[in-house]
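The structure file work13.cif is reproduced below (mmCIF, C-alpha atoms and all ligand atoms).
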data_input
#
loop_
_atom_site.group_PDB
_atom_site.id
_atom_site.type_symbol
_atom_site.label_atom_id
_atom_site.label_comp_id
_atom_site.auth_asym_id
_atom_site.auth_seq_id
_atom_site.Cartn_x
_atom_site.Cartn_y
_atom_site.Cartn_z
ATOM 1 C CA MET A 1 97.764 109.824 81.857
ATOM 2 C CA LYS A 2 100.020 106.794 81.778
ATOM 3 C CA CYS A 3 99.241 103.734 79.668
ATOM 4 C CA PHE A 4 98.051 100.580 81.375
ATOM 5 C CA LYS A 5 98.627 96.882 80.716
ATOM 6 C CA CYS A 6 96.069 94.246 79.851
ATOM 7 C CA PRO A 7 96.064 91.698 82.723
ATOM 8 C CA ALA A 8 95.438 88.901 80.195
ATOM 9 C CA CYS A 9 97.968 89.584 77.418
ATOM 10 C CA SER A 10 100.100 92.508 78.752
ATOM 11 C CA GLU A 11 99.382 94.671 75.700
ATOM 12 C CA ARG A 12 98.851 98.420 76.095
ATOM 13 C CA VAL A 13 95.444 99.508 77.384
ATOM 14 C CA PHE A 14 94.062 103.054 77.628
ATOM 15 C CA PHE A 15 92.213 104.491 80.631
ATOM 16 C CA ALA A 16 88.804 104.512 78.889
ATOM 17 C CA ASN A 17 89.037 100.980 77.439
ATOM 18 C CA LEU A 18 86.261 98.477 78.147
ATOM 19 C CA ASN A 19 88.085 95.718 76.307
ATOM 20 C CA CYS A 20 91.650 94.946 75.368
ATOM 21 C CA ASN A 21 92.199 95.916 71.714
ATOM 22 C CA ALA A 22 94.662 93.025 71.320
ATOM 23 C CA CYS A 23 93.051 90.001 72.984
ATOM 24 C CA GLY A 24 89.482 91.234 73.524
ATOM 25 C CA ALA A 25 89.449 90.579 77.274
ATOM 26 C CA SER A 26 86.724 92.454 79.165
ATOM 27 C CA LEU A 27 88.532 94.949 81.396
ATOM 28 C CA MET A 28 87.759 96.983 84.493
ATOM 29 C CA TYR A 29 89.809 99.753 86.102
ATOM 30 C CA THR A 30 90.667 99.290 89.787
ATOM 31 C CA PRO A 31 91.401 102.597 91.575
ATOM 32 C CA ALA A 32 93.135 101.020 94.596
ATOM 33 C CA SER A 33 95.926 99.515 92.478
ATOM 34 C CA ASP A 34 95.668 102.033 89.594
ATOM 35 C CA SER A 35 95.554 99.125 87.131
ATOM 36 C CA PHE A 36 93.179 96.993 85.071
ATOM 37 C CA ARG A 37 91.663 93.646 86.043
ATOM 38 C CA VAL A 38 89.563 91.210 84.073
ATOM 39 C CA THR A 39 85.951 92.267 84.721
ATOM 40 C CA ASP A 40 84.322 90.474 87.640
ATOM 41 C CA SER A 41 82.551 93.217 89.646
ATOM 42 C CA PRO A 42 81.679 96.013 87.196
ATOM 43 C CA CYS A 43 80.157 99.370 88.119
ATOM 44 C CA LYS A 44 76.404 99.408 87.468
ATOM 45 C CA LYS A 45 76.875 102.192 84.905
ATOM 46 C CA ARG A 46 78.966 99.938 82.675
ATOM 47 C CA GLU A 47 75.736 98.857 80.984
ATOM 48 C CA THR A 48 74.555 102.451 80.367
ATOM 49 C CA ILE A 49 75.499 104.805 77.542
ATOM 50 C CA GLU A 50 78.289 106.097 79.836
ATOM 51 C CA GLN A 51 80.006 102.699 79.692
ATOM 52 C CA CYS A 52 81.806 103.259 82.996
ATOM 53 C CA ASN A 53 84.789 100.891 83.039
ATOM 54 C CA TRP A 54 85.575 101.079 86.779
ATOM 55 C CA GLU A 55 85.076 98.294 89.302
ATOM 56 C CA SER A 56 82.227 98.641 91.782
ATOM 57 C CA ALA A 57 83.362 100.050 95.100
ATOM 58 C CA ASN A 58 83.238 97.870 98.213
ATOM 59 C CA GLY A 59 79.640 97.287 99.212
ATOM 60 C CA SER A 60 78.219 99.415 96.390
ATOM 61 C CA THR A 61 76.805 98.608 92.986
ATOM 62 C CA PHE A 62 78.508 101.757 91.672
ATOM 63 C CA CYS A 63 82.189 102.598 91.399
ATOM 64 C CA LEU A 64 84.008 105.259 93.451
ATOM 65 C CA SER A 65 83.270 107.849 90.762
ATOM 66 C CA CYS A 66 79.611 107.048 89.954
ATOM 67 C CA SER A 67 78.760 106.731 93.679
ATOM 68 C CA LEU A 68 79.393 110.501 93.951
ATOM 69 C CA ASP A 69 76.537 111.281 91.536
ATOM 70 C CA VAL A 70 73.236 112.783 92.620
ATOM 71 C CA ASP A 71 70.248 111.312 90.728
ATOM 72 C CA GLU A 72 71.995 111.313 87.408
ATOM 73 C CA THR A 73 70.436 110.070 84.194
ATOM 74 C CA PRO A 74 73.171 108.952 81.800
ATOM 75 C CA THR A 75 72.809 110.608 78.389
ATOM 76 C CA GLU A 76 75.041 111.307 75.427
ATOM 77 C CA LEU A 77 75.888 114.664 77.040
ATOM 78 C CA THR A 78 76.985 113.235 80.401
ATOM 79 C CA VAL A 79 79.511 110.822 78.845
ATOM 80 C CA VAL A 80 82.376 113.293 78.433
ATOM 81 C CA PHE A 81 81.783 114.774 81.902
ATOM 82 C CA GLN A 82 81.901 111.325 83.514
ATOM 83 C CA GLN A 83 85.145 110.579 81.679
ATOM 84 C CA SER A 84 86.589 113.887 82.892
ATOM 85 C CA LYS A 85 85.430 113.135 86.438
ATOM 86 C CA ARG A 86 87.018 109.652 86.462
ATOM 87 C CA ARG A 87 90.244 111.047 85.029
ATOM 88 C CA THR A 88 90.439 113.782 87.680
ATOM 89 C CA LEU A 89 89.454 111.522 90.602
ATOM 90 C CA ARG A 90 92.204 109.105 89.585
ATOM 91 C CA GLN A 91 94.618 112.046 89.477
ATOM 92 C CA LEU A 92 93.607 113.275 92.953
ATOM 93 C CA HIS A 93 94.038 109.731 94.284
ATOM 94 C CA ARG A 94 97.531 109.624 92.781
ATOM 95 C CA LEU A 95 98.275 112.965 94.479
ATOM 96 C CA GLY A 96 97.167 111.521 97.822
ATOM 97 C CA ILE A 97 93.584 112.842 98.048
ATOM 98 C CA GLN A 98 90.711 110.342 98.443
ATOM 99 C CA PRO A 99 87.475 112.369 98.593
ATOM 100 C CA SER A 100 85.434 109.726 100.429
ATOM 101 C CA GLY A 101 85.289 110.500 104.140
ATOM 102 C CA ILE A 102 86.408 114.119 103.689
ATOM 103 C CA GLU A 103 84.054 116.960 104.706
ATOM 104 C CA PRO A 104 82.238 118.600 103.034
ATOM 105 C CA ARG A 105 81.014 115.426 101.339
ATOM 106 C CA LEU A 106 81.821 115.586 97.635
ATOM 107 C CA LEU A 107 78.866 115.098 95.284
ATOM 108 C CA PHE A 108 78.246 115.798 91.617
ATOM 109 C CA ALA A 109 74.994 116.936 89.975
ATOM 110 C CA LEU A 110 75.179 116.580 86.189
ATOM 111 C CA GLU A 111 72.360 118.685 84.785
ATOM 112 C CA GLU A 112 71.507 119.793 81.276
ATOM 113 C CA GLY A 113 70.959 123.517 80.949
ATOM 114 C CA THR A 114 68.601 124.809 78.255
ATOM 115 C CA ALA A 115 67.671 128.335 77.127
ATOM 116 C CA ASP A 116 64.535 128.253 79.323
ATOM 117 C CA ASN A 117 66.157 126.398 82.182
ATOM 118 C CA PRO A 118 69.777 127.444 82.474
ATOM 119 C CA VAL A 119 72.085 125.506 84.815
ATOM 120 C CA THR A 120 74.948 127.316 86.522
ATOM 121 C CA THR A 121 78.173 125.358 86.838
ATOM 122 C CA GLY A 122 79.508 125.831 90.347
ATOM 123 C CA HIS A 123 80.377 124.452 93.786
ATOM 124 C CA SER A 124 78.368 124.796 96.975
ATOM 125 C CA ASN A 125 79.413 123.074 100.197
ATOM 126 C CA GLY A 126 80.700 119.919 98.472
ATOM 127 C CA LEU A 127 78.057 119.749 95.729
ATOM 128 C CA ILE A 128 79.521 120.365 92.285
ATOM 129 C CA THR A 129 76.931 121.210 89.625
ATOM 130 C CA LEU A 130 78.017 120.790 86.016
ATOM 131 C CA ASP A 131 76.071 122.002 82.984
ATOM 132 C CA VAL A 132 76.382 118.974 80.723
ATOM 133 C CA SER A 133 74.987 120.883 77.724
ATOM 134 C CA GLU A 134 78.690 121.750 77.165
ATOM 135 C CA GLY A 135 79.194 118.053 76.390
ATOM 136 C CA ASP A 136 77.842 118.938 72.928
ATOM 137 C CA ALA A 137 80.834 119.958 70.807
ATOM 138 C CA GLU A 138 79.012 122.559 68.704
ATOM 139 C CA HIS A 139 77.365 124.164 71.730
ATOM 140 C CA LEU A 140 80.718 124.227 73.571
ATOM 141 C CA GLN A 141 82.374 125.898 70.582
ATOM 142 C CA ARG A 142 79.713 128.646 70.616
ATOM 143 C CA ILE A 143 80.299 129.290 74.333
ATOM 144 C CA GLN A 144 84.084 129.270 73.849
ATOM 145 C CA ASP A 145 83.642 131.991 71.222
ATOM 146 C CA GLN A 146 81.080 133.994 73.219
ATOM 147 C CA MET A 147 83.199 133.977 76.404
ATOM 148 C CA SER A 148 86.567 134.262 74.572
ATOM 149 C CA GLU A 149 87.651 131.106 76.416
ATOM 150 C CA PRO A 150 89.010 128.794 73.679
ATOM 151 C CA TYR A 151 90.482 126.563 76.407
ATOM 152 C CA ARG A 152 87.055 125.933 78.030
ATOM 153 C CA THR A 153 86.488 122.134 78.336
ATOM 154 C CA PRO A 154 84.517 119.654 80.471
ATOM 155 C CA LEU A 155 87.829 118.482 82.006
ATOM 156 C CA GLY A 156 88.713 122.091 82.841
ATOM 157 C CA HIS A 157 85.316 122.567 84.531
ATOM 158 C CA VAL A 158 85.732 119.426 86.643
ATOM 159 C CA ARG A 159 89.254 120.445 87.708
ATOM 160 C CA HIS A 160 88.214 124.046 88.465
ATOM 161 C CA GLU A 161 85.157 123.062 90.557
ATOM 162 C CA LEU A 162 87.174 120.447 92.446
ATOM 163 C CA GLY A 163 89.495 123.332 93.323
ATOM 164 C CA HIS A 164 86.615 125.027 95.187
ATOM 165 C CA TRP A 165 85.863 121.797 97.058
ATOM 166 C CA PHE A 166 89.572 121.314 97.831
ATOM 167 C CA TRP A 167 89.799 124.852 99.204
ATOM 168 C CA GLN A 168 86.855 124.318 101.569
ATOM 169 C CA ALA A 169 87.914 120.793 102.571
ATOM 170 C CA MET A 170 91.627 121.491 103.055
ATOM 171 C CA ALA A 171 91.811 125.074 104.357
ATOM 172 C CA GLY A 172 93.395 124.855 107.785
ATOM 173 C CA SER A 173 94.772 121.339 107.264
ATOM 174 C CA LEU A 174 96.823 121.338 104.036
ATOM 175 C CA PHE A 175 97.304 125.116 104.097
ATOM 176 C CA GLU A 176 96.781 127.940 106.561
ATOM 177 C CA LEU A 177 94.252 130.674 105.770
ATOM 178 C CA ASP A 178 96.650 133.525 106.542
ATOM 179 C CA HIS A 179 99.164 132.035 104.109
ATOM 180 C CA PHE A 180 96.396 131.663 101.490
ATOM 181 C CA ARG A 181 95.414 135.328 101.990
ATOM 182 C CA SER A 182 98.990 136.523 101.599
ATOM 183 C CA VAL A 183 99.082 134.860 98.145
ATOM 184 C CA PHE A 184 95.499 135.205 96.838
ATOM 185 C CA GLY A 185 93.960 138.046 98.868
ATOM 186 C CA ASP A 186 91.066 138.126 101.340
ATOM 187 C CA GLU A 187 88.338 135.629 100.424
ATOM 188 C CA ASN A 188 85.870 137.548 102.632
ATOM 189 C CA THR A 189 85.426 140.034 99.780
ATOM 190 C CA PRO A 190 81.667 139.701 98.997
ATOM 191 C CA TYR A 191 81.570 136.964 96.364
ATOM 192 C CA GLN A 192 78.352 137.698 94.436
ATOM 193 C CA GLN A 193 79.204 141.392 94.116
ATOM 194 C CA ALA A 194 82.738 140.497 92.970
ATOM 195 C CA LEU A 195 81.346 138.280 90.195
ATOM 196 C CA LYS A 196 78.841 140.956 89.171
ATOM 197 C CA ASP A 197 81.639 143.538 88.994
ATOM 198 C CA HIS A 198 83.779 141.097 87.026
ATOM 199 C CA TYR A 199 81.134 140.512 84.355
ATOM 200 C CA ALA A 200 80.560 144.285 84.034
ATOM 201 C CA GLN A 201 84.278 144.808 83.400
ATOM 202 C CA LEU A 202 86.032 144.938 80.044
ATOM 203 C CA ASP A 203 88.991 142.611 79.573
ATOM 204 C CA ASP A 204 91.850 145.089 79.048
ATOM 205 C CA GLY A 205 94.528 142.464 79.764
ATOM 206 C CA SER A 206 95.742 144.219 82.938
ATOM 207 C CA TRP A 207 95.046 141.018 84.928
ATOM 208 C CA LYS A 208 97.979 139.310 83.214
ATOM 209 C CA ALA A 209 100.521 140.666 85.708
ATOM 210 C CA ASN A 210 98.851 138.902 88.640
ATOM 211 C CA TYR A 211 96.501 136.156 87.468
ATOM 212 C CA ILE A 212 96.495 133.017 85.330
ATOM 213 C CA SER A 213 93.245 134.065 83.624
ATOM 214 C CA PHE A 214 90.806 136.975 83.442
ATOM 215 C CA TYR A 215 88.251 134.984 85.433
ATOM 216 C CA ALA A 216 90.827 134.316 88.188
ATOM 217 C CA SER A 217 90.917 138.074 88.810
ATOM 218 C CA SER A 218 87.229 138.097 89.864
ATOM 219 C CA HIS A 219 87.675 136.801 93.446
ATOM 220 C CA PRO A 220 90.326 134.986 95.578
ATOM 221 C CA TRP A 221 88.227 131.771 95.473
ATOM 222 C CA GLU A 222 88.171 131.846 91.670
ATOM 223 C CA ASP A 223 91.876 132.670 91.596
ATOM 224 C CA PHE A 224 92.548 129.597 93.735
ATOM 225 C CA ALA A 225 90.235 127.336 91.663
ATOM 226 C CA GLU A 226 91.917 128.488 88.427
ATOM 227 C CA SER A 227 95.404 127.928 89.903
ATOM 228 C CA PHE A 228 94.274 124.512 91.163
ATOM 229 C CA ALA A 229 92.994 123.540 87.700
ATOM 230 C CA HIS A 230 96.306 124.643 86.164
ATOM 231 C CA PHE A 231 98.273 122.558 88.641
ATOM 232 C CA LEU A 232 96.213 119.518 87.573
ATOM 233 C CA HIS A 233 96.710 120.419 83.875
ATOM 234 C CA ILE A 234 100.484 120.540 84.441
ATOM 235 C CA ASP A 235 100.618 117.368 86.533
ATOM 236 C CA GLY A 236 98.339 115.407 84.176
ATOM 237 C CA THR A 237 100.075 116.475 80.973
ATOM 238 C CA LEU A 238 103.544 115.804 82.394
ATOM 239 C CA GLU A 239 102.431 112.320 83.461
ATOM 240 C CA THR A 240 101.345 111.671 79.873
ATOM 241 C CA MET A 241 104.645 112.995 78.480
ATOM 242 C CA GLN A 242 106.728 111.074 80.971
ATOM 243 C CA SER A 243 104.932 107.817 80.335
ATOM 244 C CA SER A 244 105.197 108.180 76.566
ATOM 245 C CA MET A 245 108.874 109.152 76.575
ATOM 246 C CA GLN A 246 109.985 107.477 79.784
ATOM 247 C CA ALA A 247 112.781 110.010 79.720
ATOM 248 C CA THR A 248 112.273 111.606 83.079
ATOM 249 C CA ASP A 249 111.967 110.086 86.510
ATOM 250 C CA GLU A 250 108.460 110.535 87.926
ATOM 251 C CA SER A 251 109.946 111.371 91.320
ATOM 252 C CA ASP A 252 111.194 114.607 89.750
ATOM 253 C CA ARG A 253 107.679 115.902 90.190
ATOM 254 C CA ALA A 254 108.352 116.133 93.912
ATOM 255 C CA SER A 255 109.875 119.553 93.217
ATOM 256 C CA PHE A 256 107.611 122.160 91.659
ATOM 257 C CA GLU A 257 110.691 123.915 90.230
ATOM 258 C CA THR A 258 111.652 120.779 88.297
ATOM 259 C CA MET A 259 108.061 120.166 87.312
ATOM 260 C CA TYR A 260 107.606 123.698 85.997
ATOM 261 C CA SER A 261 110.893 123.688 84.096
ATOM 262 C CA GLN A 262 109.676 120.494 82.355
ATOM 263 C CA TRP A 263 106.257 122.016 81.752
ATOM 264 C CA VAL A 264 107.328 125.094 79.761
ATOM 265 C CA PRO A 265 108.794 123.169 76.772
ATOM 266 C CA VAL A 266 105.793 120.806 76.928
ATOM 267 C CA THR A 267 103.331 123.709 76.517
ATOM 268 C CA THR A 268 105.278 124.904 73.472
ATOM 269 C CA LEU A 269 105.230 121.392 72.055
ATOM 270 C CA ILE A 270 101.520 120.683 72.594
ATOM 271 C CA ASN A 271 100.562 124.102 71.234
ATOM 272 C CA GLU A 272 102.801 123.712 68.176
ATOM 273 C CA LEU A 273 101.612 120.127 67.590
ATOM 274 C CA ASN A 274 98.010 121.294 67.616
ATOM 275 C CA LEU A 275 98.744 124.299 65.381
ATOM 276 C CA SER A 276 100.500 121.913 62.951
ATOM 277 C CA MET A 277 97.226 119.976 62.732
ATOM 278 C CA GLY A 278 95.168 123.144 62.260
ATOM 279 C CA MET A 279 93.758 122.918 65.804
ATOM 280 C CA PRO A 280 93.667 125.801 68.305
ATOM 281 C CA GLU A 281 96.328 125.964 71.025
ATOM 282 C CA PRO A 282 95.213 123.858 74.003
ATOM 283 C CA TYR A 283 97.298 125.965 76.406
ATOM 284 C CA PRO A 284 97.085 129.625 75.322
ATOM 285 C CA PHE A 285 98.548 130.997 78.567
ATOM 286 C CA ALA A 286 101.707 132.942 79.359
ATOM 287 C CA PRO A 287 101.665 133.076 83.170
ATOM 288 C CA SER A 288 103.503 135.851 85.021
ATOM 289 C CA GLN A 289 105.778 134.946 87.939
ATOM 290 C CA ILE A 290 102.997 135.920 90.377
ATOM 291 C CA ALA A 291 100.532 133.569 88.648
ATOM 292 C CA VAL A 292 103.128 130.763 88.721
ATOM 293 C CA ASP A 293 103.648 131.363 92.449
ATOM 294 C CA LYS A 294 99.924 130.757 92.986
ATOM 295 C CA ILE A 295 100.140 127.417 91.158
ATOM 296 C CA ARG A 296 103.154 126.612 93.354
ATOM 297 C CA PHE A 297 100.923 127.284 96.394
ATOM 298 C CA VAL A 298 98.596 124.494 95.170
ATOM 299 C CA ALA A 299 101.542 122.135 94.515
ATOM 300 C CA ASP A 300 102.819 122.837 98.039
ATOM 301 C CA ALA A 301 99.360 122.161 99.500
ATOM 302 C CA PHE A 302 99.371 118.673 97.936
ATOM 303 C CA GLN A 303 102.816 118.055 99.404
ATOM 304 C CA GLY A 304 101.908 119.400 102.839
ATOM 305 C CA ASN A 305 104.477 122.194 102.471
ATOM 306 C CA ASN A 306 102.086 125.013 103.357
ATOM 307 C CA LYS A 307 101.648 124.062 106.987
ATOM 308 C CA ARG A 308 103.405 126.227 109.485
HETATM 309 ZN ZN ZN A 401 94.720 91.762 76.223
HETATM 310 ZN ZN ZN A 402 81.124 103.895 87.541
HETATM 311 ZN ZN ZN A 403 84.730 128.870 90.178
#

Re-express the file's structure as structure tokens.
Amino acid sequence: MKCFKCPACSERVFFANLNCNACGASLMYTPASDSFRVTDSPCKKRETIEQCNWESANGSTFCLSCSLDVDETPTELTVVFQQSKRRTLRQLHRLGIQPSGIEPRLLFALEEGTADNPVTTGHSNGLITLDVSEGDAEHLQRIQDQMSEPYRTPLGHVRHELGHWFWQAMAGSLFELDHFRSVFGDENTPYQQALKDHYAQLDDGSWKANYISFYASSHPWEDFAESFAHFLHIDGTLETMQSSMQATDESDRASFETMYSQWVPVTTLINELNLSMGMPEPYPFAPSQIAVDKIRFVADAFQGNNKR
């Protein structure tokens, strides 16, 4: 994520700021211009625990992000998911995708799963359900350990599930199905059975030749959603690097080759930086060429290069 400027004093402002740290001005993020304004038409959820700092969308009391929520009650656990959602929606907008008006209609249900009442994170015909119990750091850590997924995060969930929506919304327009099948396989493979088989399988590492993650090997839809999430990880992290160093021209991202060649040293750096601070590696992946080609498919879809 780039840094923003305070409209009142021009000091640096971060994406989640409600106020300018320098001059104290009350600030509101405006998606259309990707910048901050002094608050005059805040989202209704600004006054909740979620402290949404976006402007209300035209004709709505909620912002573009909160207006996608289904009956959501803001709690401590929904905060991090809403931040992840705003971050990813801004990213999609920057990549040329505005969900409003696209079918299937994109909606989010933020629900808290409990032992008696588990919630399954997933996507169904535009509705993305997220289990916000993973917004609790200790609970998330337990699941990361249980599932051997140290990289599991709310932001990763939002990006992955948006990949399922993107696939359904864009198949046939941003990419052709036969091209998709030549890269990811036939998505008509029965999905529920594929997941059942996947969970019955031991992780022997053989997936590494063809997939970005073990879960990606379960079904072509999951493979696509995982590749989609990785494309957003790469794009988002490079934007942060580029804005902090201002060393590389943002237009370089037009080419996936350039983008990926910048990404590899960045992954080493962020992993090493985290290890130096005693934190786990945020990007513990070593993608094969085939897995990289799948991420390239997603990059090409955003750039309209998959149409024939
Ligand atoms: Zn200021
Ligand atoms: Zn909002
Ligand atoms: Zn999935």

Original post:
Taking into account all atoms listed in the file, which residue in the set A:Cys23, A:Ala209, A:Leu107, A:Val119 is nearest to ligand ZN 401 (chain A)?
Top reply: A:Cys23

Could you produce a table of the residues of chain A lying within 9 Å of ligand ZN 401 (chain A), with the nearest pair of atoms per residue and their separation in Å rounded to one decimal, using all atoms listed in the file, ordered by chain and increasing residue number, as JSON lines?
{"residue": "A:Lys5", "atom": "CA", "partner": "A:ZN401", "partner_atom": "ZN", "distance": 7.9}
{"residue": "A:Cys6", "atom": "CA", "partner": "A:ZN401", "partner_atom": "ZN", "distance": 4.6}
{"residue": "A:Pro7", "atom": "CA", "partner": "A:ZN401", "partner_atom": "ZN", "distance": 6.6}
{"residue": "A:Ala8", "atom": "CA", "partner": "A:ZN401", "partner_atom": "ZN", "distance": 4.9}
{"residue": "A:Cys9", "atom": "CA", "partner": "A:ZN401", "partner_atom": "ZN", "distance": 4.1}
{"residue": "A:Ser10", "atom": "CA", "partner": "A:ZN401", "partner_atom": "ZN", "distance": 6.0}
{"residue": "A:Glu11", "atom": "CA", "partner": "A:ZN401", "partner_atom": "ZN", "distance": 5.5}
{"residue": "A:Arg12", "atom": "CA", "partner": "A:ZN401", "partner_atom": "ZN", "distance": 7.8}
{"residue": "A:Val13", "atom": "CA", "partner": "A:ZN401", "partner_atom": "ZN", "distance": 7.9}
{"residue": "A:Asn19", "atom": "CA", "partner": "A:ZN401", "partner_atom": "ZN", "distance": 7.7}
{"residue": "A:Cys20", "atom": "CA", "partner": "A:ZN401", "partner_atom": "ZN", "distance": 4.5}
{"residue": "A:Asn21", "atom": "CA", "partner": "A:ZN401", "partner_atom": "ZN", "distance": 6.6}
{"residue": "A:Ala22", "atom": "CA", "partner": "A:ZN401", "partner_atom": "ZN", "distance": 5.1}
{"residue": "A:Cys23", "atom": "CA", "partner": "A:ZN401", "partner_atom": "ZN", "distance": 4.0}
{"residue": "A:Gly24", "atom": "CA", "partner": "A:ZN401", "partner_atom": "ZN", "distance": 5.9}
{"residue": "A:Ala25", "atom": "CA", "partner": "A:ZN401", "partner_atom": "ZN", "distance": 5.5}
{"residue": "A:Ser26", "atom": "CA", "partner": "A:ZN401", "partner_atom": "ZN", "distance": 8.5}
{"residue": "A:Leu27", "atom": "CA", "partner": "A:ZN401", "partner_atom": "ZN", "distance": 8.7}

**OP:** Could you pull out the residues sitting within 8 Å of ligand ZN 403 (chain A), using only C-alpha atoms and all ligand atoms, and write them as a PyMOL selection string?
**Re:** chain A and resi 122-123+160-161+163-164+221-222+225-226

Keeping only C-alpha atoms, take the residues you just selected and write them out as a PDB file, keeping the file's coordinate frame.
ATOM      1  CA  GLY A 122      79.508 125.831  90.347  1.00  0.00           C
ATOM      2  CA  HIS A 123      80.377 124.452  93.786  1.00  0.00           C
ATOM      3  CA  HIS A 160      88.214 124.046  88.465  1.00  0.00           C
ATOM      4  CA  GLU A 161      85.157 123.062  90.557  1.00  0.00           C
ATOM      5  CA  GLY A 163      89.495 123.332  93.323  1.00  0.00           C
ATOM      6  CA  HIS A 164      86.615 125.027  95.187  1.00  0.00           C
ATOM      7  CA  TRP A 221      88.227 131.771  95.473  1.00  0.00           C
ATOM      8  CA  GLU A 222      88.171 131.846  91.670  1.00  0.00           C
ATOM      9  CA  ALA A 225      90.235 127.336  91.663  1.00  0.00           C
ATOM     10  CA  GLU A 226      91.917 128.488  88.427  1.00  0.00           C
TER      11      GLU A 226
END

**OP:** Dump the neighbourhood of ligand ZN 402 (chain A) as number ranges by chain: all residues within 10 Å, distances computed on only C-alpha atoms and all ligand atoms.
**Re:** A: 29, 42-48, 50-57, 61-69, 82-83, 86

**OP:** Quick one: pull the distance between atom CA of Gln168 of chain A and atom CA of His233 of chain A, Å, one decimal.
**Re:** 20.6 Å

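Distance-wise, atom CA of Leu106 of chain A and atom CA of Gly172 of chain A end up 18.0 Å apart.
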
Using all atoms listed in the file, what does the table of segment 31-92 of chain A residues within 12 Å of segment 141-155 of chain A look like, with each row giving the shortest atom pair and its distance in Å to one decimal, sorted by chain and ascending number, as a tab-separated table?
residue	atom	partner	partner_atom	distance
A:Leu77	CA	A:Pro154	CA	10.5
A:Thr78	CA	A:Pro154	CA	9.9
A:Val79	CA	A:Pro154	CA	10.3
A:Val80	CA	A:Pro154	CA	7.0
A:Phe81	CA	A:Pro154	CA	5.8
A:Gln82	CA	A:Pro154	CA	9.2
A:Gln83	CA	A:Leu155	CA	8.4
A:Ser84	CA	A:Leu155	CA	4.8
A:Lys85	CA	A:Leu155	CA	7.3
A:Arg86	CA	A:Leu155	CA	9.9
A:Arg87	CA	A:Leu155	CA	8.4
A:Thr88	CA	A:Leu155	CA	7.8
A:Leu89	CA	A:Leu155	CA	11.2
A:Gln91	CA	A:Leu155	CA	12.0

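Taking atom CA of His139 of chain A and atom CA of Arg159 of chain A as endpoints, the distance between them is 20.3 Å.
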
**OP:** Write out as a PyMOL selection string each polymer residue whose atoms come within 10 Å of segment 175-182 of chain A, counting only C-alpha atoms; drop sequence neighbours fewer than 2 positions from it.
**Re:** chain A and resi 167+170-173+184-188+220+224+294+297-298+300-302+304-308
